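Take a look at the structure below.
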Number of protein chains: 2
Amino acid sequence: VIGIDNLALGRRENLSAALRHSQFSFGQFDINEIDKCLPYLRKELARAGTTTVWHLAANSDIQAGGRDPDIDLRLTFLSTYNVLKLMAQSGLRELVFASSSAIYGEHAGLLKEDSGPLLPISNYGAMKLASEGVITAAIGGGVLRRAWICRFPNVVGSRATHGVIFDFLKKLRANPKNLEVLGDGTQEKPYLHVCELVEAMVFIHKRSTEVLNCYNIAPRKGTTTVRHIAEHVVQSAAPGSIIRYAGGSRGWVGDVPRFRYSTAKLKALGWSSKLTSNAAVELAIRENLSARP
Amino acid sequence: VIGIDNLALGRRENLSAALRHSQFSFGQFDINEIDKCLPYLRKELARAGTTTVWHLAANSDIQAGGRDPDIDLRLTFLSTYNVLKLMAQSGLRELVFASSSAIYGEHAGLLKEDSGPLLPISNYGAMKLASEGVITAAIGGGVLRRAWICRFPNVVGSRATHGVIFDFLKKLRANPKNLEVLGDGTQEKPYLHVCELVEAMVFIHKRSTEVLNCYNIAPRKGTTTVRHIAEHVVQSAAPGSIIRYAGGSRGWVGDVPRFRYSTAKLKALGWSSKLTSNAAVELAIRENLSARP
């Protein structure tokens with residue numbers, strides 16, 4: 001395994017176990033700087049014989065991309081565009097890609113992999129959709145031989161750098177008496193634990209057999225409301241804290257307040273999560289509490 | 001009307017009638033050079049009070065973008081991204097956009113505006129899809145107030161700079177004895193005359209009332225095969241010339257060999273073309289013949 005990351009959001013200590021492995025190497029590069037990445041990648045490929053790229057690099061802070069579209073242009077889209085260039089220049093032709101529910105925009109019904117239209121409401125969603133587009137075009141153009149597009153739901157777990165649990169805990173550390181919640185708390189989405197997400201991606205890569213494989217990934221059951229998360233965070237981190245809802249159906253500009261994923265395709269392939277959405281959220285709250293001061 | 005174009009594909013003489021109009025001004029700028037466009041646009045807006053942007057700038061040569069993806073990145077996607085930046089910086093909030101059937105990729109059935117999945121097979125299609133994404137995100141983010149997305153079919157007419165009729169005539173001028181045709185001639189798509197396309201766009205802009213208005217534009221009836229086009233071009237330009245088919249179902253990498261558009265939504269709005277697909281092609285052949293040596 002060859003790791004490349006600019007460590008803009010990640011941290012080197014998250015890789016401490018991997019770095020002790022003799023078959024793992026890590027290069028701290030910005031994937032958009034092809035000229036710097038390519039010599040490193042070629043050198044490591046000669047050693048490792050890796051065949052598949054797992055492209056997970058992106059801006060994962062949707063609100064930041066709402067304030068400055070250049071963030072998602074560069075980190076969420078051009079990162080993918082340049083990964084494809086790097087692959088073409090180094091003979092790699094298989095790609096697993098981290099896409100997102102955000103590409104669908106606001107749909108009333110259950111989201112299936114072939115649902116349309118695709119009308120994202122955030123720059124993040126637009127740049128993930130654009131990334132899917134250049135990936136399918138790379139298959140059409142013969143640059144890629146195979147691709148796996150994994151559309152993530154909301155993901156929670158340890159080592160979070162943003163997101164609702166992270167934000168609530170941060171706010172409660174600053175003021176344990178009150179928790180201000182964006183929106184009216186009825187926002188409701190499927191949450192998956194990051195460990196199960198990785199398990200699902202590996203499963204999809206191993207088992208699906210098409211040239212282009214596109215899967216929604218979500219917990220086997222349920223969604224979780226922001227109100228539920230707020231109440232559990234308060235209960236765990238600052239019992240007695242008063243929750244105040246800012247009101248409005250949407251947490252922030254670009255937020256899709258509710259969606260439900262069909263997991264029929266992933267179930268038919270043979271994978272289901274162990275945790276429900278609520279159980280994943282509750283586990284992630286415990287993990288984030290124990291990891292931070 | 002304020003016109004901006006880099007004249008990479010267009011020509012100033014195409015604007016000769018418009019340039020004589022007292023209410024028209026033209027600036028030769030690359031839309032990706034915001035710093036140069038913005039002062040011109042602001043100055044002209046103060047005079048003209050224009051409210052709506054009609055963004056048609058793109059690389060229209062799909063094969064060129066297949067050879068070098070940077071062409072479509074810059075001319076088909078970043079052009080849209082930068083138009084949105086220009087609009088935000090100059091207070092313009094209504095956008096009519098020239099999208100394409102290429103965003104759908106290869107579908108067996110009739111293409112409706114809400115068809116999914118969207119899996120383009122060319123960089124051109126990917127960058128048009130990416131453009132739609134940043135436009136819907138700009139509505140989600142409050143940058144745009146309204147948008148009209150017009151998804152073009154194959155478009156023919158005078159002043160062509162590329163495309164099947166243009167290519168066939170060019171080949172016959174070089175060698176009137178034979179016409180080499182890419183693919184097996186069974187590629188089959190709806191063709192619309194450019195004059196009717198403009199009429200449809202104006203109609204959609206005038207009549208549709210949603211915040212986001214997305215329409216397929218196609219002739220009221222029919223599709224045309226490449227074989228039909230080849231035979232008519234030969235008949236008109238070089239009777240007796242022998243047509244040779246290179247074979248294979250696809251004209252070139254990234255080509256969607258056949259598609260059919262549902263025009264139900266556009267018909268319900270009240271617009272239908274006068275010309276069928278075949279009639280549009282035949283008119284365009286006559287126009288292209290009379291315009292060129």
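Starting from 1 in every chain, residues are counted up; chains themselves are A, B, ... following the order of the structure tokens, and ligands are numbered from 1 as listed.
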### Task
Could you give me, as a PyMOL selection string, the residues within 7 Å of segment 65-68 of chain B, counting only C-alpha atoms and dropping anything in the same chain fewer than 4 positions from it?
(chain A and resi 141) or (chain B and resi 61+72+122-124+254)
With N, CA, C and O atoms retained, could you export that selection as a compact mmCIF listing (two decimals), in the first residue's frame?
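Below is the file that was written, selection_11.txt:
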```txt
# COMPACT_ATOMS: atom_id res chain seq x y z
N GLY A 141 -13.32 6.64 -22.37
CA GLY A 141 -12.14 6.98 -23.18
C GLY A 141 -11.03 5.96 -23.10
O GLY A 141 -9.97 6.14 -23.73
N ASP B 61 -16.11 20.64 -29.71
CA ASP B 61 -15.49 19.55 -30.47
C ASP B 61 -15.15 18.41 -29.49
O ASP B 61 -14.10 18.40 -28.85
N ASP B 72 -11.60 20.47 -22.40
CA ASP B 72 -12.95 20.54 -21.82
C ASP B 72 -12.94 21.03 -20.38
O ASP B 72 -13.90 21.65 -19.94
N SER B 122 -17.79 10.85 -22.29
CA SER B 122 -16.77 11.75 -22.86
C SER B 122 -16.44 12.85 -21.84
O SER B 122 -17.25 13.17 -20.97
N ASN B 123 -15.24 13.42 -21.96
CA ASN B 123 -14.88 14.55 -21.10
C ASN B 123 -15.83 15.72 -21.33
O ASN B 123 -16.18 16.44 -20.39
N TYR B 124 -16.24 15.90 -22.56
CA TYR B 124 -17.21 16.96 -22.87
C TYR B 124 -18.48 16.76 -22.04
O TYR B 124 -18.97 17.69 -21.38
N GLY B 254 -15.80 8.08 -27.10
CA GLY B 254 -16.58 9.12 -26.44
C GLY B 254 -17.88 9.44 -27.15
O GLY B 254 -18.72 10.19 -26.65
```
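Residues from chain B that have an atom within 6 Å of chain A, counting only C-alpha atoms, are Asp114, Ser115, Gly116, Pro117, Leu119, Pro120, Ile121, Ser122, Asn123, Ala126, Ala130, Gly133, Val134, Thr136, Ala137, Gly140, Gly141, Val253 and Gly254 of chain B.
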Limited to all heavy atoms, could you put the picked residues into a file as a short mmCIF file (atom, residue, chain, number, x, y, z; two decimals), in the first residue's frame?
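To be explicit, this is the file written out as result_33.cif:
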```
data_model
loop_
_atom_site.label_atom_id
_atom_site.label_comp_id
_atom_site.auth_asym_id
_atom_site.auth_seq_id
_atom_site.Cartn_x
_atom_site.Cartn_y
_atom_site.Cartn_z
N ASP B 114 -35.51 13.87 -16.10
CA ASP B 114 -35.17 13.33 -14.78
C ASP B 114 -34.60 11.91 -14.87
O ASP B 114 -34.53 11.20 -13.87
CB ASP B 114 -36.37 13.38 -13.83
CG ASP B 114 -37.56 12.60 -14.37
OD1 ASP B 114 -37.43 12.00 -15.48
OD2 ASP B 114 -38.60 12.58 -13.71
N SER B 115 -34.16 11.50 -16.06
CA SER B 115 -33.54 10.19 -16.22
C SER B 115 -32.24 10.11 -15.42
O SER B 115 -31.51 11.09 -15.29
CB SER B 115 -33.23 9.90 -17.70
OG SER B 115 -34.41 9.69 -18.44
N GLY B 116 -31.97 8.94 -14.89
CA GLY B 116 -30.72 8.66 -14.21
C GLY B 116 -30.36 7.22 -14.49
O GLY B 116 -31.18 6.48 -15.03
N PRO B 117 -29.17 6.75 -14.21
CA PRO B 117 -28.06 7.55 -13.70
C PRO B 117 -27.46 8.40 -14.81
O PRO B 117 -27.76 8.19 -15.98
CB PRO B 117 -27.07 6.49 -13.23
CG PRO B 117 -27.30 5.33 -14.17
CD PRO B 117 -28.78 5.34 -14.45
N LEU B 119 -24.10 9.04 -16.48
CA LEU B 119 -22.77 8.46 -16.58
C LEU B 119 -22.16 8.81 -17.94
O LEU B 119 -22.11 7.98 -18.84
CB LEU B 119 -22.84 6.93 -16.40
CG LEU B 119 -23.57 6.42 -15.15
CD1 LEU B 119 -23.78 4.91 -15.22
CD2 LEU B 119 -22.82 6.80 -13.88
N PRO B 120 -21.73 10.07 -18.09
CA PRO B 120 -21.18 10.50 -19.39
C PRO B 120 -19.97 9.68 -19.80
O PRO B 120 -19.22 9.22 -18.94
CB PRO B 120 -20.79 11.97 -19.12
CG PRO B 120 -20.65 12.08 -17.64
CD PRO B 120 -21.64 11.12 -17.06
N ILE B 121 -19.79 9.48 -21.09
CA ILE B 121 -18.65 8.69 -21.57
C ILE B 121 -17.59 9.54 -22.25
O ILE B 121 -16.60 9.01 -22.73
CB ILE B 121 -19.11 7.54 -22.51
CG1 ILE B 121 -19.75 8.09 -23.79
CG2 ILE B 121 -20.06 6.59 -21.81
CD1 ILE B 121 -19.91 7.04 -24.88
N SER B 122 -17.79 10.85 -22.29
CA SER B 122 -16.77 11.75 -22.86
C SER B 122 -16.44 12.85 -21.84
O SER B 122 -17.25 13.17 -20.97
CB SER B 122 -17.29 12.40 -24.14
OG SER B 122 -18.41 13.23 -23.86
N ASN B 123 -15.24 13.42 -21.96
CA ASN B 123 -14.88 14.55 -21.10
C ASN B 123 -15.83 15.72 -21.33
O ASN B 123 -16.18 16.44 -20.39
CB ASN B 123 -13.44 14.99 -21.36
CG ASN B 123 -12.45 13.97 -20.85
OD1 ASN B 123 -12.62 13.44 -19.77
ND2 ASN B 123 -11.43 13.68 -21.64
N ALA B 126 -18.86 14.98 -19.33
CA ALA B 126 -18.54 15.12 -17.90
C ALA B 126 -18.49 16.59 -17.50
O ALA B 126 -18.99 16.98 -16.44
CB ALA B 126 -17.20 14.45 -17.60
N ALA B 130 -20.76 18.57 -14.95
CA ALA B 130 -20.15 19.34 -13.87
C ALA B 130 -20.69 20.78 -13.86
O ALA B 130 -20.94 21.36 -12.80
CB ALA B 130 -18.63 19.34 -14.04
N GLY B 133 -24.01 20.91 -12.37
CA GLY B 133 -23.86 20.76 -10.92
C GLY B 133 -23.54 22.08 -10.22
O GLY B 133 -24.16 22.43 -9.21
N VAL B 134 -22.59 22.84 -10.77
CA VAL B 134 -22.26 24.11 -10.10
C VAL B 134 -23.38 25.13 -10.27
O VAL B 134 -23.55 26.03 -9.43
CB VAL B 134 -20.90 24.71 -10.54
CG1 VAL B 134 -19.76 23.85 -9.99
CG2 VAL B 134 -20.78 24.88 -12.04
N THR B 136 -26.73 24.28 -10.27
CA THR B 136 -27.76 23.95 -9.27
C THR B 136 -27.24 24.28 -7.86
O THR B 136 -28.01 24.70 -6.99
CB THR B 136 -28.24 22.50 -9.39
OG1 THR B 136 -27.14 21.59 -9.18
CG2 THR B 136 -28.84 22.23 -10.76
N ALA B 137 -25.94 24.09 -7.64
CA ALA B 137 -25.36 24.45 -6.34
C ALA B 137 -25.42 25.96 -6.12
O ALA B 137 -25.59 26.43 -4.99
CB ALA B 137 -23.92 23.96 -6.23
N GLY B 140 -28.75 26.59 -4.90
CA GLY B 140 -28.80 26.15 -3.51
C GLY B 140 -28.11 27.13 -2.58
O GLY B 140 -28.55 27.35 -1.44
N GLY B 141 -27.03 27.74 -3.06
CA GLY B 141 -26.25 28.66 -2.23
C GLY B 141 -26.71 30.10 -2.30
O GLY B 141 -26.13 30.97 -1.65
N VAL B 253 -14.08 7.39 -30.07
CA VAL B 253 -14.09 7.23 -28.62
C VAL B 253 -14.85 8.40 -27.98
O VAL B 253 -14.60 9.55 -28.29
CB VAL B 253 -12.64 7.19 -28.08
CG1 VAL B 253 -12.62 7.25 -26.55
CG2 VAL B 253 -11.94 5.93 -28.57
N GLY B 254 -15.80 8.08 -27.10
CA GLY B 254 -16.58 9.12 -26.44
C GLY B 254 -17.88 9.44 -27.15
O GLY B 254 -18.72 10.19 -26.65
#
```
### Query
Where in segment 158-213 of chain A does DSSP assign helix (DSSP H, G or I), given as a ChimeraX atom specification?
/A:164-174,194-207
Could you pull out all residues of segment 28-249 of chain B with a DSSP call of strand (DSSP E) and give them as a PDB file with N, CA, C and O atoms, in the first residue's frame?
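File produced: part_6.pdb:
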```pdb
ATOM      1  N   GLN B  28     -14.122  41.191 -26.862  1.00  0.00           N
ATOM      2  CA  GLN B  28     -13.412  39.939 -27.137  1.00  0.00           C
ATOM      3  C   GLN B  28     -12.539  39.582 -25.936  1.00  0.00           C
ATOM      4  O   GLN B  28     -11.418  40.080 -25.790  1.00  0.00           O
ATOM      5  N   THR B  52     -29.995  38.973 -17.480  1.00  0.00           N
ATOM      6  CA  THR B  52     -29.866  37.533 -17.675  1.00  0.00           C
ATOM      7  C   THR B  52     -28.616  37.201 -18.478  1.00  0.00           C
ATOM      8  O   THR B  52     -28.339  37.847 -19.489  1.00  0.00           O
ATOM      9  N   VAL B  53     -27.881  36.201 -18.020  1.00  0.00           N
ATOM     10  CA  VAL B  53     -26.720  35.718 -18.759  1.00  0.00           C
ATOM     11  C   VAL B  53     -27.113  34.492 -19.572  1.00  0.00           C
ATOM     12  O   VAL B  53     -27.726  33.561 -19.039  1.00  0.00           O
ATOM     13  N   TRP B  54     -26.780  34.508 -20.845  1.00  0.00           N
ATOM     14  CA  TRP B  54     -26.935  33.335 -21.711  1.00  0.00           C
ATOM     15  C   TRP B  54     -25.543  32.772 -21.927  1.00  0.00           C
ATOM     16  O   TRP B  54     -24.754  33.335 -22.696  1.00  0.00           O
ATOM     17  N   HIS B  55     -25.252  31.690 -21.229  1.00  0.00           N
ATOM     18  CA  HIS B  55     -23.894  31.136 -21.267  1.00  0.00           C
ATOM     19  C   HIS B  55     -23.841  29.954 -22.245  1.00  0.00           C
ATOM     20  O   HIS B  55     -24.326  28.870 -21.962  1.00  0.00           O
ATOM     21  N   GLU B  94     -29.522  35.591 -12.973  1.00  0.00           N
ATOM     22  CA  GLU B  94     -30.343  34.707 -13.797  1.00  0.00           C
ATOM     23  C   GLU B  94     -29.502  34.172 -14.952  1.00  0.00           C
ATOM     24  O   GLU B  94     -28.865  34.942 -15.663  1.00  0.00           O
ATOM     25  N   LEU B  95     -29.543  32.857 -15.136  1.00  0.00           N
ATOM     26  CA  LEU B  95     -28.626  32.208 -16.082  1.00  0.00           C
ATOM     27  C   LEU B  95     -29.353  31.205 -16.979  1.00  0.00           C
ATOM     28  O   LEU B  95     -30.069  30.332 -16.496  1.00  0.00           O
ATOM     29  N   VAL B  96     -29.161  31.359 -18.290  1.00  0.00           N
ATOM     30  CA  VAL B  96     -29.610  30.349 -19.252  1.00  0.00           C
ATOM     31  C   VAL B  96     -28.368  29.596 -19.701  1.00  0.00           C
ATOM     32  O   VAL B  96     -27.374  30.212 -20.095  1.00  0.00           O
ATOM     33  N   PHE B  97     -28.405  28.274 -19.629  1.00  0.00           N
ATOM     34  CA  PHE B  97     -27.191  27.491 -19.878  1.00  0.00           C
ATOM     35  C   PHE B  97     -27.400  26.453 -20.980  1.00  0.00           C
ATOM     36  O   PHE B  97     -28.400  25.754 -21.020  1.00  0.00           O
ATOM     37  N   ALA B  98     -26.415  26.371 -21.857  1.00  0.00           N
ATOM     38  CA  ALA B  98     -26.413  25.396 -22.948  1.00  0.00           C
ATOM     39  C   ALA B  98     -25.815  24.086 -22.474  1.00  0.00           C
ATOM     40  O   ALA B  98     -24.600  23.927 -22.446  1.00  0.00           O
ATOM     41  N   SER B  99     -26.678  23.140 -22.079  1.00  0.00           N
ATOM     42  CA  SER B  99     -26.182  21.821 -21.696  1.00  0.00           C
ATOM     43  C   SER B  99     -26.351  20.856 -22.871  1.00  0.00           C
ATOM     44  O   SER B  99     -26.605  21.287 -24.003  1.00  0.00           O
ATOM     45  N   SER B 100     -26.246  19.590 -22.610  1.00  0.00           N
ATOM     46  CA  SER B 100     -26.079  18.641 -23.713  1.00  0.00           C
ATOM     47  C   SER B 100     -26.627  17.260 -23.390  1.00  0.00           C
ATOM     48  O   SER B 100     -26.611  16.820 -22.230  1.00  0.00           O
ATOM     49  N   LEU B 110     -35.781   6.115 -23.861  1.00  0.00           N
ATOM     50  CA  LEU B 110     -36.065   7.512 -24.165  1.00  0.00           C
ATOM     51  C   LEU B 110     -35.524   8.370 -23.021  1.00  0.00           C
ATOM     52  O   LEU B 110     -35.785   8.108 -21.858  1.00  0.00           O
ATOM     53  N   LEU B 111     -34.751   9.415 -23.360  1.00  0.00           N
ATOM     54  CA  LEU B 111     -34.144  10.259 -22.324  1.00  0.00           C
ATOM     55  C   LEU B 111     -35.114  11.339 -21.863  1.00  0.00           C
ATOM     56  O   LEU B 111     -35.506  12.202 -22.643  1.00  0.00           O
ATOM     57  N   ARG B 146     -32.469  32.318 -10.464  1.00  0.00           N
ATOM     58  CA  ARG B 146     -33.168  31.417 -11.385  1.00  0.00           C
ATOM     59  C   ARG B 146     -32.186  30.888 -12.422  1.00  0.00           C
ATOM     60  O   ARG B 146     -31.212  31.556 -12.778  1.00  0.00           O
ATOM     61  N   ALA B 147     -32.473  29.684 -12.936  1.00  0.00           N
ATOM     62  CA  ALA B 147     -31.642  29.136 -14.012  1.00  0.00           C
ATOM     63  C   ALA B 147     -32.497  28.332 -14.980  1.00  0.00           C
ATOM     64  O   ALA B 147     -33.519  27.751 -14.604  1.00  0.00           O
ATOM     65  N   TRP B 148     -32.048  28.329 -16.236  1.00  0.00           N
ATOM     66  CA  TRP B 148     -32.677  27.555 -17.283  1.00  0.00           C
ATOM     67  C   TRP B 148     -31.588  26.675 -17.910  1.00  0.00           C
ATOM     68  O   TRP B 148     -30.615  27.214 -18.470  1.00  0.00           O
ATOM     69  N   ILE B 149     -31.749  25.373 -17.763  1.00  0.00           N
ATOM     70  CA  ILE B 149     -30.781  24.445 -18.334  1.00  0.00           C
ATOM     71  C   ILE B 149     -31.396  23.827 -19.589  1.00  0.00           C
ATOM     72  O   ILE B 149     -32.420  23.148 -19.519  1.00  0.00           O
ATOM     73  N   CYS B 150     -30.797  24.120 -20.736  1.00  0.00           N
ATOM     74  CA  CYS B 150     -31.301  23.617 -22.023  1.00  0.00           C
ATOM     75  C   CYS B 150     -30.361  22.522 -22.498  1.00  0.00           C
ATOM     76  O   CYS B 150     -29.189  22.799 -22.793  1.00  0.00           O
ATOM     77  N   ARG B 151     -30.847  21.303 -22.580  1.00  0.00           N
ATOM     78  CA  ARG B 151     -30.000  20.184 -22.995  1.00  0.00           C
ATOM     79  C   ARG B 151     -30.148  19.962 -24.503  1.00  0.00           C
ATOM     80  O   ARG B 151     -31.181  19.489 -24.965  1.00  0.00           O
ATOM     81  N   PHE B 152     -29.100  20.341 -25.225  1.00  0.00           N
ATOM     82  CA  PHE B 152     -29.123  20.310 -26.691  1.00  0.00           C
ATOM     83  C   PHE B 152     -29.040  18.881 -27.218  1.00  0.00           C
ATOM     84  O   PHE B 152     -28.356  18.034 -26.638  1.00  0.00           O
ATOM     85  N   ASN B 154     -28.057  16.943 -31.123  1.00  0.00           N
ATOM     86  CA  ASN B 154     -27.090  17.340 -32.158  1.00  0.00           C
ATOM     87  C   ASN B 154     -27.652  18.558 -32.872  1.00  0.00           C
ATOM     88  O   ASN B 154     -28.828  18.587 -33.217  1.00  0.00           O
ATOM     89  N   VAL B 155     -26.805  19.539 -33.086  1.00  0.00           N
ATOM     90  CA  VAL B 155     -27.262  20.793 -33.686  1.00  0.00           C
ATOM     91  C   VAL B 155     -26.549  21.005 -35.014  1.00  0.00           C
ATOM     92  O   VAL B 155     -25.334  20.803 -35.112  1.00  0.00           O
ATOM     93  N   VAL B 156     -27.303  21.397 -36.035  1.00  0.00           N
ATOM     94  CA  VAL B 156     -26.734  21.623 -37.368  1.00  0.00           C
ATOM     95  C   VAL B 156     -27.197  22.973 -37.897  1.00  0.00           C
ATOM     96  O   VAL B 156     -28.149  23.555 -37.388  1.00  0.00           O
ATOM     97  N   ASN B 178     -14.237   9.532 -53.014  1.00  0.00           N
ATOM     98  CA  ASN B 178     -14.623   8.651 -51.903  1.00  0.00           C
ATOM     99  C   ASN B 178     -14.972   9.457 -50.669  1.00  0.00           C
ATOM    100  O   ASN B 178     -14.385  10.507 -50.435  1.00  0.00           O
ATOM    101  N   LEU B 179     -15.900   8.905 -49.877  1.00  0.00           N
ATOM    102  CA  LEU B 179     -16.176   9.490 -48.564  1.00  0.00           C
ATOM    103  C   LEU B 179     -15.973   8.409 -47.509  1.00  0.00           C
ATOM    104  O   LEU B 179     -16.673   7.395 -47.485  1.00  0.00           O
ATOM    105  N   GLU B 180     -14.977   8.641 -46.652  1.00  0.00           N
ATOM    106  CA  GLU B 180     -14.724   7.711 -45.551  1.00  0.00           C
ATOM    107  C   GLU B 180     -15.603   8.109 -44.368  1.00  0.00           C
ATOM    108  O   GLU B 180     -15.545   9.247 -43.909  1.00  0.00           O
ATOM    109  N   VAL B 181     -16.395   7.171 -43.866  1.00  0.00           N
ATOM    110  CA  VAL B 181     -17.307   7.452 -42.753  1.00  0.00           C
ATOM    111  C   VAL B 181     -16.866   6.655 -41.530  1.00  0.00           C
ATOM    112  O   VAL B 181     -16.642   5.443 -41.624  1.00  0.00           O
ATOM    113  N   GLU B 188     -27.376   6.926 -34.774  1.00  0.00           N
ATOM    114  CA  GLU B 188     -28.678   7.531 -35.058  1.00  0.00           C
ATOM    115  C   GLU B 188     -29.095   8.464 -33.926  1.00  0.00           C
ATOM    116  O   GLU B 188     -29.273   8.040 -32.797  1.00  0.00           O
ATOM    117  N   LYS B 189     -29.243   9.749 -34.250  1.00  0.00           N
ATOM    118  CA  LYS B 189     -29.514  10.760 -33.223  1.00  0.00           C
ATOM    119  C   LYS B 189     -30.500  11.794 -33.744  1.00  0.00           C
ATOM    120  O   LYS B 189     -30.670  11.932 -34.954  1.00  0.00           O
ATOM    121  N   TYR B 191     -31.408  15.469 -34.767  1.00  0.00           N
ATOM    122  CA  TYR B 191     -30.706  16.689 -35.213  1.00  0.00           C
ATOM    123  C   TYR B 191     -31.692  17.847 -35.257  1.00  0.00           C
ATOM    124  O   TYR B 191     -32.805  17.711 -35.776  1.00  0.00           O
ATOM    125  N   LEU B 192     -31.248  18.973 -34.732  1.00  0.00           N
ATOM    126  CA  LEU B 192     -32.092  20.167 -34.717  1.00  0.00           C
ATOM    127  C   LEU B 192     -31.348  21.290 -35.433  1.00  0.00           C
ATOM    128  O   LEU B 192     -30.128  21.414 -35.295  1.00  0.00           O
ATOM    129  N   HIS B 193     -32.103  22.093 -36.177  1.00  0.00           N
ATOM    130  CA  HIS B 193     -31.470  23.231 -36.842  1.00  0.00           C
ATOM    131  C   HIS B 193     -31.200  24.333 -35.820  1.00  0.00           C
ATOM    132  O   HIS B 193     -32.026  24.607 -34.946  1.00  0.00           O
ATOM    133  N   LEU B 212     -35.573  26.511 -11.006  1.00  0.00           N
ATOM    134  CA  LEU B 212     -34.671  25.746 -11.871  1.00  0.00           C
ATOM    135  C   LEU B 212     -35.495  25.079 -12.961  1.00  0.00           C
ATOM    136  O   LEU B 212     -36.377  24.272 -12.673  1.00  0.00           O
ATOM    137  N   ASN B 213     -35.203  25.431 -14.213  1.00  0.00           N
ATOM    138  CA  ASN B 213     -35.973  24.928 -15.347  1.00  0.00           C
ATOM    139  C   ASN B 213     -35.057  24.133 -16.256  1.00  0.00           C
ATOM    140  O   ASN B 213     -34.121  24.686 -16.828  1.00  0.00           O
ATOM    141  N   CYS B 214     -35.319  22.840 -16.366  1.00  0.00           N
ATOM    142  CA  CYS B 214     -34.439  21.973 -17.141  1.00  0.00           C
ATOM    143  C   CYS B 214     -35.221  21.323 -18.272  1.00  0.00           C
ATOM    144  O   CYS B 214     -36.238  20.666 -18.019  1.00  0.00           O
ATOM    145  N   TYR B 215     -34.763  21.516 -19.515  1.00  0.00           N
ATOM    146  CA  TYR B 215     -35.490  21.006 -20.677  1.00  0.00           C
ATOM    147  C   TYR B 215     -34.559  20.335 -21.687  1.00  0.00           C
ATOM    148  O   TYR B 215     -33.509  20.893 -22.028  1.00  0.00           O
ATOM    149  N   ASN B 216     -34.973  19.174 -22.166  1.00  0.00           N
ATOM    150  CA  ASN B 216     -34.389  18.604 -23.373  1.00  0.00           C
ATOM    151  C   ASN B 216     -34.933  19.377 -24.565  1.00  0.00           C
ATOM    152  O   ASN B 216     -36.125  19.657 -24.628  1.00  0.00           O
ATOM    153  N   THR B 224     -31.881  10.867 -37.188  1.00  0.00           N
ATOM    154  CA  THR B 224     -31.269  10.706 -38.503  1.00  0.00           C
ATOM    155  C   THR B 224     -30.037   9.826 -38.358  1.00  0.00           C
ATOM    156  O   THR B 224     -29.257   9.994 -37.419  1.00  0.00           O
ATOM    157  N   THR B 225     -29.869   8.890 -39.282  1.00  0.00           N
ATOM    158  CA  THR B 225     -28.681   8.035 -39.232  1.00  0.00           C
ATOM    159  C   THR B 225     -27.514   8.722 -39.939  1.00  0.00           C
ATOM    160  O   THR B 225     -27.698   9.575 -40.808  1.00  0.00           O
ATOM    161  N   ILE B 242     -18.110   7.373 -53.817  1.00  0.00           N
ATOM    162  CA  ILE B 242     -18.358   6.087 -53.141  1.00  0.00           C
ATOM    163  C   ILE B 242     -18.151   6.231 -51.637  1.00  0.00           C
ATOM    164  O   ILE B 242     -17.113   6.739 -51.184  1.00  0.00           O
ATOM    165  N   ILE B 243     -19.168   5.802 -50.881  1.00  0.00           N
ATOM    166  CA  ILE B 243     -19.109   5.903 -49.417  1.00  0.00           C
ATOM    167  C   ILE B 243     -18.492   4.633 -48.849  1.00  0.00           C
ATOM    168  O   ILE B 243     -18.913   3.520 -49.183  1.00  0.00           O
ATOM    169  N   ARG B 244     -17.477   4.803 -48.024  1.00  0.00           N
ATOM    170  CA  ARG B 244     -16.851   3.658 -47.355  1.00  0.00           C
ATOM    171  C   ARG B 244     -17.008   3.799 -45.848  1.00  0.00           C
ATOM    172  O   ARG B 244     -16.657   4.828 -45.283  1.00  0.00           O
ATOM    173  N   TYR B 245     -17.528   2.759 -45.220  1.00  0.00           N
ATOM    174  CA  TYR B 245     -17.738   2.777 -43.768  1.00  0.00           C
ATOM    175  C   TYR B 245     -16.569   2.088 -43.077  1.00  0.00           C
ATOM    176  O   TYR B 245     -16.212   0.960 -43.427  1.00  0.00           O
TER     177      TYR B 245
END
```
#### Entry: Atomic separation - atom CA of Ala280 of chain A relative to atom CA of His21 of chain A, Å
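Interatomic distance here is 29.1 Å.
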### Query
Which neighbours of Glu199 of chain B fall inside 10 Å, counting only C-alpha atoms, when residues of the same chain fewer than 6 positions from it are skipped, and could you give them as a list in words?
Trp271, Ser272 and Ser273 of chain B
#### Entry: Non-local contacts of Gln23 of chain B (10 Å; only C-alpha atoms; under 6 positions in same chain excluded) as a list in words
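That gives Val1, Ile2, Arg47 and Ala48 of chain B.
Considering only C-alpha atoms, the residue among B:Met87, B:Pro39, B:Phe259, B:Arg159 positioned nearest to Leu15 of chain B is B:Arg159.
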### Query
When you draw a straight line from atom CA of Thr51 of chain A to atom CA of Thr209 of chain A, how long is it in Å?
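Separation of atom CA of Thr51 of chain A and atom CA of Thr209 of chain A: 16.2 Å.
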### Task
Excluding Ala246 of chain A and residues on its chain fewer than 5 positions from it, collect all residues at most 10 Å away from it, counting only C-alpha atoms, and give them as a list of chain:residue names.
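The filter keeps A:Glu180, A:Val181, A:Leu182, A:Gly183, A:Asp184, A:Gly185, A:Gly251.
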